[in-house]
file final39.cif (mmCIF, C-alpha atoms)
data_input
#
loop_
_atom_site.label_atom_id
_atom_site.label_comp_id
_atom_site.auth_asym_id
_atom_site.auth_seq_id
_atom_site.Cartn_x
_atom_site.Cartn_y
_atom_site.Cartn_z
CA MET A 1 21.10 -29.75 7.71
CA ILE A 2 17.63 -28.21 7.73
CA SER A 3 14.75 -30.32 6.45
CA VAL A 4 11.81 -28.38 5.04
CA GLU A 5 8.85 -29.26 2.85
CA ILE A 6 8.71 -26.53 0.22
CA ASN A 7 5.79 -26.46 -2.19
CA GLY A 8 5.06 -30.10 -1.46
CA GLU A 9 8.61 -31.30 -1.99
CA GLN A 10 10.94 -32.32 0.83
CA ARG A 11 14.17 -30.31 0.65
CA GLU A 12 17.38 -30.49 2.66
CA LEU A 13 19.11 -27.15 3.12
CA ASP A 14 22.79 -27.12 4.06
CA VAL A 15 22.92 -23.45 5.01
CA ASP A 16 23.47 -21.30 8.09
CA PRO A 17 20.34 -21.80 10.25
CA GLN A 18 20.35 -18.03 10.84
CA MET A 19 20.02 -17.33 7.11
CA PRO A 20 16.75 -15.53 6.33
CA LEU A 21 14.27 -17.90 4.72
CA LEU A 22 13.87 -15.40 1.88
CA TRP A 23 17.55 -15.78 1.01
CA ALA A 24 17.31 -19.57 0.94
CA LEU A 25 14.20 -19.46 -1.24
CA ARG A 26 15.61 -17.05 -3.79
CA ASP A 27 19.33 -17.86 -3.86
CA HIS A 28 19.42 -21.55 -3.02
CA LEU A 29 16.12 -22.83 -4.38
CA ASP A 30 15.59 -20.39 -7.28
CA LEU A 31 12.08 -19.56 -6.07
CA THR A 32 12.25 -15.91 -7.05
CA GLY A 33 8.52 -15.18 -7.00
CA THR A 34 8.91 -14.14 -3.36
CA LYS A 35 10.33 -10.62 -3.29
CA PHE A 36 12.69 -8.64 -1.11
CA GLY A 37 11.13 -5.33 -0.10
CA CYS A 38 12.27 -3.81 3.18
CA GLY A 39 14.08 -6.68 4.89
CA ARG A 40 12.44 -5.77 8.19
CA ALA A 41 8.95 -7.26 8.07
CA LEU A 42 7.37 -3.92 7.32
CA CYS A 43 6.17 -4.20 3.73
CA GLY A 44 4.91 -7.75 3.16
CA ALA A 45 6.57 -8.34 -0.23
CA CYS A 46 8.28 -11.47 1.10
CA THR A 47 5.12 -13.13 2.45
CA VAL A 48 4.98 -16.92 2.22
CA HIS A 49 2.95 -19.54 4.07
CA ILE A 50 4.46 -21.57 6.89
CA ASP A 51 2.19 -24.42 7.93
CA GLY A 52 -0.63 -22.47 6.32
CA GLU A 53 0.01 -19.18 8.13
CA ALA A 54 1.18 -16.02 6.38
CA ALA A 55 4.75 -15.22 7.35
CA ARG A 56 7.41 -12.67 6.40
CA SER A 57 10.28 -14.70 5.04
CA CYS A 58 12.81 -11.86 5.44
CA SER A 59 12.42 -12.04 9.21
CA ILE A 60 12.19 -15.78 9.66
CA THR A 61 15.32 -17.89 9.70
CA VAL A 62 15.83 -21.15 7.91
CA GLY A 63 16.22 -22.70 11.35
CA ASP A 64 12.73 -21.48 12.27
CA VAL A 65 11.18 -23.64 9.52
CA ASP A 66 13.02 -26.87 10.23
CA GLY A 67 10.44 -29.64 9.91
CA LYS A 68 7.71 -27.31 8.67
CA LYS A 69 5.81 -26.81 5.42
CA VAL A 70 6.59 -23.70 3.41
CA THR A 71 4.47 -22.60 0.46
CA THR A 72 5.57 -19.84 -1.89
CA ILE A 73 3.66 -18.10 -4.66
CA GLU A 74 4.97 -20.77 -7.05
CA GLY A 75 3.30 -23.52 -5.05
CA VAL A 76 -0.12 -22.19 -4.09
CA SER A 77 -2.99 -24.48 -5.01
CA GLY A 78 -6.55 -25.36 -4.10
CA PRO A 79 -9.94 -23.68 -4.53
CA VAL A 80 -9.15 -20.55 -2.51
CA ALA A 81 -5.81 -19.97 -4.22
CA GLU A 82 -7.37 -20.49 -7.64
CA ALA A 83 -10.21 -18.10 -6.82
CA VAL A 84 -7.80 -15.43 -5.61
CA VAL A 85 -5.41 -15.71 -8.54
CA GLY A 86 -8.37 -15.75 -10.95
CA ALA A 87 -9.82 -12.61 -9.42
CA TRP A 88 -6.44 -10.92 -9.60
CA ARG A 89 -6.38 -11.63 -13.34
CA ASP A 90 -10.04 -10.71 -13.92
CA LEU A 91 -9.66 -7.32 -12.28
CA ASP A 92 -6.18 -6.67 -13.64
CA VAL A 93 -5.03 -5.85 -10.14
CA VAL A 94 -1.33 -5.68 -10.86
CA GLN A 95 0.43 -2.47 -11.80
CA CYS A 96 4.21 -2.84 -11.40
CA GLY A 97 3.62 -6.17 -9.71
CA TYR A 98 6.51 -6.20 -7.27
CA CYS A 99 4.36 -6.54 -4.13
CA GLN A 100 1.68 -8.71 -5.63
CA SER A 101 2.98 -12.16 -4.77
CA GLY A 102 2.99 -11.09 -1.13
CA GLN A 103 -0.47 -9.56 -1.50
CA ILE A 104 -1.83 -12.80 -2.95
CA MET A 105 -0.26 -14.92 -0.22
CA SER A 106 -1.89 -12.78 2.46
CA ALA A 107 -5.22 -12.76 0.61
CA ILE A 108 -5.22 -16.57 0.43
CA THR A 109 -4.59 -16.78 4.17
CA LEU A 110 -7.36 -14.29 4.84
CA LEU A 111 -9.97 -16.12 2.73
CA THR A 112 -8.91 -19.49 4.11
CA LYS A 113 -9.61 -18.28 7.62
CA ASN A 114 -12.44 -15.90 6.84
CA PRO A 115 -14.35 -16.93 3.70
CA SER A 116 -16.59 -13.87 3.75
CA PRO A 117 -14.55 -10.86 4.91
CA THR A 118 -15.91 -7.37 5.28
CA ASP A 119 -13.97 -4.37 4.04
CA ALA A 120 -12.76 -3.88 7.62
CA ASP A 121 -11.61 -7.51 7.80
CA ILE A 122 -9.69 -7.06 4.56
CA ASP A 123 -8.09 -3.86 5.76
CA SER A 124 -7.01 -5.35 9.09
CA SER A 125 -5.48 -8.42 7.44
CA MET A 126 -3.89 -6.73 4.43
CA VAL A 127 -2.48 -3.69 6.24
CA GLY A 128 0.93 -5.33 6.42
CA ASN A 129 1.22 -5.59 2.62
CA ILE A 130 2.21 -2.29 1.10
CA CYS A 131 1.72 -1.40 -2.56
CA ARG A 132 3.58 1.67 -3.72
CA CYS A 133 1.52 1.72 -6.93
CA GLY A 134 -1.57 2.17 -4.78
CA THR A 135 -3.60 -0.75 -6.10
CA TYR A 136 -5.41 -1.14 -2.78
CA GLN A 137 -8.91 -0.63 -4.17
CA ARG A 138 -8.41 -3.33 -6.80
CA ILE A 139 -6.86 -5.64 -4.22
CA ARG A 140 -9.91 -5.22 -2.00
CA ALA A 141 -12.27 -5.78 -4.95
CA ALA A 142 -10.34 -8.89 -6.00
CA ILE A 143 -10.54 -10.34 -2.50
CA HIS A 144 -14.31 -9.86 -2.52
CA GLN A 145 -14.52 -11.46 -5.96
CA GLY A 146 -12.26 -14.30 -4.83
CA ALA A 147 -14.52 -14.85 -1.84
CA LYS A 148 -17.52 -15.19 -4.14
CA LYS A 149 -15.69 -17.55 -6.46
CA ALA A 150 -14.57 -19.68 -3.55
CA GLY A 151 -18.13 -19.81 -2.26
CA GLY A 152 -17.78 -17.63 0.80
CA GLU A 153 -19.76 -14.56 -0.30
CA ALA A 154 -23.27 -14.63 -1.71
CA MET B 1 28.13 -10.47 13.88
CA ASP B 2 25.76 -8.15 12.08
CA LEU B 3 23.85 -10.46 9.77
CA ARG B 4 22.35 -7.53 7.92
CA HIS B 5 25.71 -7.17 6.25
CA GLU B 6 26.22 -10.92 5.95
CA TYR B 7 23.05 -11.24 3.91
CA GLY B 8 23.29 -7.99 2.02
CA TRP B 9 20.85 -5.94 4.09
CA PRO B 10 21.23 -2.19 3.85
CA SER B 11 22.88 -0.58 6.86
CA PRO B 12 20.44 1.10 9.29
CA LEU B 13 20.20 4.80 8.79
CA PRO B 14 21.09 7.14 11.64
CA PRO B 15 18.07 8.71 13.36
CA SER B 16 18.67 12.05 11.66
CA GLN B 17 18.05 10.42 8.28
CA ARG B 18 14.94 8.47 9.23
CA VAL B 19 11.74 9.67 7.68
CA GLY B 20 9.07 11.53 9.57
CA PRO B 21 5.31 10.97 9.55
CA ALA B 22 4.85 13.08 6.43
CA ALA B 23 6.87 10.71 4.27
CA THR B 24 5.12 8.15 2.14
CA LEU B 25 4.13 4.86 3.71
CA ALA B 26 6.19 2.89 1.25
CA LEU B 27 9.29 4.91 1.99
CA ALA B 28 8.61 4.62 5.68
CA ALA B 29 8.48 0.86 5.31
CA LEU B 30 11.96 0.90 3.88
CA LEU B 31 13.45 3.09 6.54
CA LEU B 32 11.78 2.44 9.85
CA VAL B 33 13.15 -0.36 11.98
CA ALA B 34 10.62 -2.75 13.51
CA GLY B 35 10.53 -2.71 17.27
CA CYS B 36 13.52 -0.51 17.69
CA GLY B 37 14.13 2.26 20.10
CA GLU B 38 17.14 4.45 20.43
CA ARG B 39 19.49 2.67 22.76
CA LYS B 40 20.05 4.38 26.05
CA ALA B 41 22.90 3.80 28.44
CA GLU B 42 22.61 0.23 29.62
CA ARG B 43 22.93 -0.51 33.31
CA PRO B 44 26.25 -2.32 33.77
CA ASP B 45 26.34 -5.82 35.20
CA ASN B 46 28.22 -4.67 38.28
CA ALA B 47 25.84 -1.85 39.09
CA PRO B 48 24.93 -1.75 42.78
CA PRO B 49 21.63 -3.42 43.63
CA ALA B 50 18.59 -1.22 43.70
CA ARG B 51 18.12 0.35 47.12
CA ALA B 52 15.41 -1.51 48.98
CA SER B 53 15.41 0.02 52.38
CA GLN B 54 11.71 0.82 52.31
CA ASP B 55 8.68 -0.96 50.93
CA GLY B 56 7.83 2.04 48.79
CA ASP B 57 11.26 1.87 47.23
CA HIS B 58 10.56 -1.73 46.27
CA TRP B 59 7.41 -0.85 44.43
CA GLN B 60 8.88 2.17 42.69
CA GLN B 61 11.72 0.05 41.37
CA ILE B 62 9.28 -2.62 40.23
CA ALA B 63 7.15 0.05 38.57
CA SER B 64 10.19 1.42 36.74
CA VAL B 65 10.42 -1.96 35.00
CA LEU B 66 6.71 -2.57 34.42
CA THR B 67 6.16 0.88 32.93
CA HIS B 68 9.19 0.57 30.65
CA PRO B 69 8.29 0.27 26.94
CA ARG B 70 9.67 -3.30 26.83
CA CYS B 71 6.75 -4.27 29.10
CA LEU B 72 4.19 -1.54 28.49
CA ASN B 73 4.24 -1.73 24.68
CA CYS B 74 2.26 -4.97 24.76
CA HIS B 75 0.10 -4.22 27.81
CA GLN B 76 -2.18 -2.09 25.65
CA VAL B 77 -5.89 -2.10 24.90
CA GLU B 78 -6.23 -2.95 21.23
CA MET B 79 -2.92 -2.53 19.43
CA PRO B 80 0.69 -2.89 20.53
CA LEU B 81 3.23 -0.10 20.54
CA GLN B 82 6.87 -0.43 19.57
CA GLY B 83 10.18 1.26 20.19
CA ASP B 84 9.85 3.93 22.84
CA GLY B 85 6.06 3.82 22.61
CA ARG B 86 5.16 4.78 19.07
CA PRO B 87 2.44 2.98 17.10
CA HIS B 88 3.38 -0.47 15.84
CA ILE B 89 4.19 -0.62 12.13
CA PRO B 90 2.47 -2.33 10.48
CA ARG B 91 -0.75 -1.82 12.39
CA VAL B 92 -1.87 -5.03 14.04
CA GLU B 93 -5.06 -5.63 16.01
CA ARG B 94 -5.50 -7.74 19.13
CA GLY B 95 -7.85 -10.33 17.61
CA PRO B 96 -9.75 -13.01 19.55
CA ASP B 97 -6.66 -14.73 21.00
CA ASN B 98 -4.49 -11.63 21.62
CA MET B 99 -2.26 -12.67 18.71
CA GLY B 100 -3.74 -10.74 15.80
CA VAL B 101 -6.28 -11.41 13.08
CA ALA B 102 -6.53 -13.76 10.09
CA ALA B 103 -3.58 -12.79 7.90
CA MET B 104 -2.03 -10.31 10.29
CA ARG B 105 -0.79 -12.34 13.22
CA CYS B 106 2.02 -11.64 15.65
CA SER B 107 3.68 -14.85 14.47
CA ASN B 108 3.78 -13.59 10.88
CA CYS B 109 6.95 -11.77 11.92
CA HIS B 110 7.77 -12.59 15.56
CA LYS B 111 9.26 -16.01 16.21
CA SER B 112 10.79 -17.65 19.25
CA GLY B 113 13.90 -15.45 19.30
CA ASN B 114 15.22 -12.09 18.17
CA ASN B 115 15.99 -12.09 14.44
CA GLN B 116 19.54 -10.88 13.91
CA ALA B 117 19.17 -10.08 10.22
CA SER B 118 15.97 -8.02 10.23
CA GLY B 119 16.06 -6.81 13.82
CA VAL B 120 12.53 -8.08 14.45
CA PRO B 121 12.23 -9.08 18.12
CA GLY B 122 10.97 -12.48 19.14
CA ALA B 123 10.22 -14.67 22.15
CA PRO B 124 7.94 -17.64 22.80
CA HIS B 125 4.17 -16.91 22.76
CA TRP B 126 4.72 -13.36 21.47
CA SER B 127 1.36 -11.61 21.91
CA LEU B 128 -0.50 -8.74 23.47
CA ALA B 129 -1.22 -9.20 27.16
CA PRO B 130 -4.92 -9.99 27.70
CA GLU B 131 -7.10 -6.91 27.61
CA SER B 132 -7.81 -7.29 31.34
CA MET B 133 -4.10 -6.65 31.87
CA ASN B 134 -4.05 -3.32 30.06
CA TRP B 135 -1.60 -1.04 31.85
CA SER B 136 -1.74 1.99 29.59
CA GLY B 137 -2.75 5.25 31.23
CA LEU B 138 -2.37 3.95 34.79
CA SER B 139 -0.58 5.72 37.58
CA THR B 140 1.94 3.55 39.42
CA ALA B 141 -0.55 3.30 42.32
CA GLU B 142 -3.24 2.06 39.94
CA LEU B 143 -0.78 -0.31 38.32
CA CYS B 144 0.08 -1.75 41.73
CA GLN B 145 -3.59 -2.38 42.52
CA GLN B 146 -4.17 -3.93 39.12
CA LEU B 147 -1.14 -6.18 39.37
CA LEU B 148 -2.50 -7.62 42.62
CA ASP B 149 -6.09 -8.05 41.44
CA PRO B 150 -6.64 -11.70 40.40
CA LYS B 151 -9.38 -10.56 38.02
CA ARG B 152 -6.86 -8.40 36.21
CA ASN B 153 -3.63 -10.37 36.59
CA GLY B 154 -4.57 -13.76 35.16
CA GLY B 155 -5.65 -15.16 38.53
CA ARG B 156 -2.16 -14.96 39.98
CA THR B 157 -1.16 -14.85 43.64
CA PRO B 158 1.86 -12.70 44.59
CA ASP B 159 4.03 -15.83 44.49
CA ASP B 160 2.61 -16.65 41.05
CA LEU B 161 3.55 -13.14 39.95
CA ALA B 162 7.11 -13.68 41.16
CA LYS B 163 7.26 -16.92 39.20
CA HIS B 164 5.89 -15.13 36.14
CA MET B 165 8.48 -12.37 36.43
CA GLY B 166 11.23 -14.88 37.05
CA GLU B 167 10.55 -17.52 34.43
CA ASP B 168 8.17 -16.51 31.64
CA PRO B 169 10.29 -16.32 28.48
CA LEU B 170 8.27 -13.42 27.05
CA VAL B 171 8.79 -11.47 30.28
CA LEU B 172 12.50 -12.34 30.28
CA TRP B 173 12.78 -10.95 26.74
CA GLY B 174 12.59 -7.49 28.31
CA TRP B 175 16.13 -8.04 29.58
CA GLN B 176 17.41 -9.35 26.23
CA PRO B 177 15.45 -7.33 23.66
CA GLY B 178 18.01 -7.52 20.88
CA ALA B 179 18.98 -5.05 18.16
CA ASP B 180 19.22 -1.48 19.44
CA ARG B 181 16.29 -1.74 21.84
CA GLU B 182 16.80 -0.52 25.39
CA PRO B 183 16.38 -3.26 28.02
CA VAL B 184 14.35 -2.69 31.16
CA PRO B 185 16.28 -0.57 33.68
CA ILE B 186 17.21 -3.06 36.41
CA GLN B 187 19.22 -6.27 36.05
CA HIS B 188 16.97 -9.32 36.29
CA ASP B 189 18.54 -10.87 39.38
CA LYS B 190 18.37 -7.54 41.19
CA PHE B 191 14.80 -7.04 40.03
CA MET B 192 13.81 -10.43 41.41
CA GLU B 193 15.45 -9.60 44.76
CA VAL B 194 13.36 -6.45 44.93
CA PHE B 195 10.21 -8.22 43.76
CA ARG B 196 10.51 -11.00 46.33
CA ALA B 197 11.22 -8.45 49.06
CA TRP B 198 8.06 -6.59 48.03
CA VAL B 199 6.05 -9.84 48.19
CA ALA B 200 7.56 -10.71 51.57
CA ALA B 201 6.57 -7.27 52.87
CA GLY B 202 2.94 -7.94 51.94
CA THR B 203 2.90 -6.26 48.49
CA PRO B 204 2.27 -2.73 49.77
CA CYS B 205 0.97 -0.28 47.19
CA PRO B 206 1.45 3.48 47.22
CA GLN B 207 -1.39 5.82 48.06
CA GLN B 208 -3.90 6.21 45.28
CA GLU B 209 -3.13 9.05 42.98
CA GLN B 210 -4.86 10.30 39.91
CA SER B 211 -3.65 8.87 36.60
CA GLU B 212 -2.79 11.22 33.79
CA ASP B 213 -5.90 10.13 31.91
CA SER B 214 -8.28 10.76 34.78
CA ALA B 215 -6.65 13.98 35.94
#
call {"tool": "encode", "arguments": {"input": "final39.cif", "output": "structure tokens"}}
result
Amino acid sequence: MISVEINGEQRELDVDPQMPLLWALRDHLDLTGTKFGCGRALCGACTVHIDGEAARSCSITVGDVDGKKVTTIEGVSGPVAEAVVGAWRDLDVVQCGYCQSGQIMSAITLLTKNPSPTDADIDSSMVGNICRCGTYQRIRAAIHQGAKKAGGEA
Amino acid sequence: MDLRHEYGWPSPLPPSQRVGPAATLALAALLLVAGCGERKAERPDNAPPARASQDGDHWQQIASVLTHPRCLNCHQVEMPLQGDGRPHIPRVERGPDNMGVAAMRCSNCHKSGNNQASGVPGAPHWSLAPESMNWSGLSTAELCQQLLDPKRNGGRTPDDLAKHMGEDPLVLWGWQPGADREPVPIQHDKFMEVFRAWVAAGTPCPQQEQSEDSA
């Protein structure tokens, strides 16, 4: 039995410890906001937070998160998360939307660690999140706006 | 057991069907395999020990391991390589602690062991080697000098180096790289025999030669 805190709630998972975390989230916990993209940690669509760090849930096993805190797009909260989500809405970032939960999870991690990122900082942190609609310019603008809303940028 | 099938992953495509650099990034993300290299013939367990009749032989055998992509891919200046030495996808930078930057950290994908479902490799403290330990572009003679220089080897004595080669779990990953990655070319116990013999002989290095970069 794997014990994990998911979105603030303690959960017991009776699954194969080698099961990808993404599978457990989507198929066992009905948290379908986290998306399957490539299955090989190349695209970022499955990004969640593990103990506050961005992580690719397709390439992390359930056993890897035993005793840890997992946050998915359904459970993000706090000033930085609210600023990021608000900016995403203000700038209408989303096109098809498939990658965007992963984009937002990485953006929250970035602004949590670096409240005032430069364009280069954004590029180096967001490079692992691919958007086939090409919304990169709006993503970058939304991160800057989120930084201002969260108090990091003047 | 191939967990990619167990959990509904698509089967890996053969190399002839993998996309080239002109394909779109999104398509590349779907098709390229993280950390993989085409598997070469693996040295069998009962292969004869590496010949160690001369000190130079010792070093050349050691160098064949240290310059193998399983070691060299992360002894780079700013960004790791993957597979047989191609750029790491996605691009990741060294960062202040050799483990990446804010939302793009080695541990975003690499955990304490190889992931059977995705093929992503893993070992404890997965990271780039410190910049002082960059081995890219060195001749084997230069690599030998660098390996023995405490300012460029983490302050290690030759015995410390032997301990590092023998016990560090990230070093040992090179012999168990998982998926279809080629392991380093000499069995670990044989490698350690050669390494200890080289240390016992006084860690002789070959004559200086020009590296490819400086030639």
call {"tool": "resolve_selection", "arguments": {"input": "final39.cif", "expression": "the PyMOL selection byres ((chain A) within 8 of (chain B))", "output": "PyMOL selection string"}}
result
chain A and resi 18-20+23+37-43+53-56+58-61+64+106-107+109-110+113-114+124-128+130-132
call {"tool": "closest_residue", "arguments": {"input": "final39.cif", "among": "A:Gly146, A:Pro115, A:Gly67, A:Gly134", "to": "Asp90 (chain A)", "atoms": "only C-alpha atoms"}}
result
A:Gly146
call {"tool": "resolve_selection", "arguments": {"input": "final39.cif", "expression": "the PyMOL selection byres ((chain A and resi 141) around 12)", "output": "count of residues only"}}
result
27
call {"tool": "atom_distance", "arguments": {"input": "final39.cif", "atom1": "CA of Gly122 (chain B)", "atom2": "CA of Asp168 (chain B)"}}
result
13.4 Å
call {"tool": "residues_around", "arguments": {"input": "final39.cif", "residues": "Arg70 (chain B)", "least_positions_apart": "4", "cutoff": "7 Å", "atoms": "all atoms listed in the file", "output": "list in words"}}
result
Gly174, Pro183 and Val184 of chain B
call {"tool": "resolve_selection", "arguments": {"input": "final39.cif", "expression": "the PyMOL selection byres ((chain A and resi 76) around 10)", "output": "list of chain:residue names"}}
result
A:Asn7, A:Gly8, A:Val48, A:His49, A:Thr71, A:Thr72, A:Ile73, A:Glu74, A:Gly75, A:Ser77, A:Gly78, A:Pro79, A:Val80, A:Ala81, A:Glu82, A:Val85, A:Ile104, A:Met105, A:Ile108
call {"tool": "residues_around", "arguments": {"input": "final39.cif", "residues": "Leu13 (chain A)", "least_positions_apart": "2", "cutoff": "6 Å", "atoms": "only C-alpha atoms", "output": "ChimeraX atom specification"}}
result
/A:1-2,15
call {"tool": "axis_aligned_box", "arguments": {"input": "final39.cif", "around": "region 85-99 of chain B", "padding_each_side": "5 Å", "output": "lines of an AutoDock Vina configuration file"}}
result
center_x = -1.8
center_y = -5.0
center_z = 16.5
size_x = 25.8
size_y = 29.5
size_z = 22.1
call {"tool": "build_atoms", "arguments": {"input": "final39.cif", "residues": "region 102-124 of chain B", "atoms": "N, CA and C atoms", "output": "compact mmCIF listing (two decimals), in the frame of the given file"}}
result
# COMPACT_ATOMS: atom_id res chain seq x y z
N ALA B 102 -6.73 -12.69 11.08
CA ALA B 102 -6.53 -13.76 10.09
C ALA B 102 -5.15 -13.79 9.43
N ALA B 103 -4.86 -12.79 8.62
CA ALA B 103 -3.58 -12.79 7.90
C ALA B 103 -2.61 -11.78 8.48
N MET B 104 -2.89 -11.30 9.64
CA MET B 104 -2.03 -10.31 10.29
C MET B 104 -1.85 -10.73 11.74
N ARG B 105 -1.01 -11.73 11.92
CA ARG B 105 -0.79 -12.34 13.22
C ARG B 105 0.59 -11.94 13.75
N CYS B 106 0.71 -11.93 15.07
CA CYS B 106 2.02 -11.64 15.65
C CYS B 106 3.08 -12.57 15.07
N SER B 107 2.71 -13.85 14.91
CA SER B 107 3.68 -14.85 14.47
C SER B 107 4.03 -14.73 12.99
N ASN B 108 3.35 -13.84 12.26
CA ASN B 108 3.78 -13.59 10.88
C ASN B 108 5.23 -13.11 10.85
N CYS B 109 5.62 -12.38 11.89
CA CYS B 109 6.95 -11.77 11.92
C CYS B 109 7.75 -12.18 13.15
N HIS B 110 7.07 -12.35 14.30
CA HIS B 110 7.77 -12.59 15.56
C HIS B 110 7.84 -14.08 15.84
N LYS B 111 9.06 -14.59 15.93
CA LYS B 111 9.26 -16.01 16.21
C LYS B 111 9.80 -16.18 17.63
N SER B 112 10.43 -17.32 17.87
CA SER B 112 10.79 -17.65 19.25
C SER B 112 12.03 -16.91 19.76
N GLY B 113 12.73 -16.20 18.87
CA GLY B 113 13.90 -15.45 19.30
C GLY B 113 14.07 -14.19 18.47
N ASN B 114 14.93 -13.30 18.93
CA ASN B 114 15.22 -12.09 18.17
C ASN B 114 15.88 -12.45 16.84
N ASN B 115 15.43 -11.82 15.75
CA ASN B 115 15.99 -12.09 14.44
C ASN B 115 17.15 -11.13 14.19
N GLN B 116 18.33 -11.70 14.03
CA GLN B 116 19.54 -10.88 13.91
C GLN B 116 19.60 -10.13 12.58
N ALA B 117 19.05 -10.71 11.53
CA ALA B 117 19.17 -10.08 10.22
C ALA B 117 18.22 -8.89 10.08
N SER B 118 16.96 -9.08 10.44
CA SER B 118 15.97 -8.02 10.23
C SER B 118 15.82 -7.11 11.44
N GLY B 119 16.26 -7.58 12.60
CA GLY B 119 16.06 -6.81 13.82
C GLY B 119 14.70 -7.00 14.46
N VAL B 120 13.86 -7.84 13.87
CA VAL B 120 12.53 -8.08 14.45
C VAL B 120 12.69 -8.86 15.75
N PRO B 121 12.10 -8.38 16.85
CA PRO B 121 12.23 -9.08 18.12
C PRO B 121 11.38 -10.34 18.16
N GLY B 122 11.76 -11.26 19.02
CA GLY B 122 10.97 -12.48 19.14
C GLY B 122 11.18 -13.15 20.47
N ALA B 123 10.17 -13.86 20.93
CA ALA B 123 10.22 -14.67 22.15
C ALA B 123 9.02 -15.61 22.09
N PRO B 124 9.08 -16.72 22.82
CA PRO B 124 7.94 -17.64 22.80
C PRO B 124 6.63 -16.94 23.19
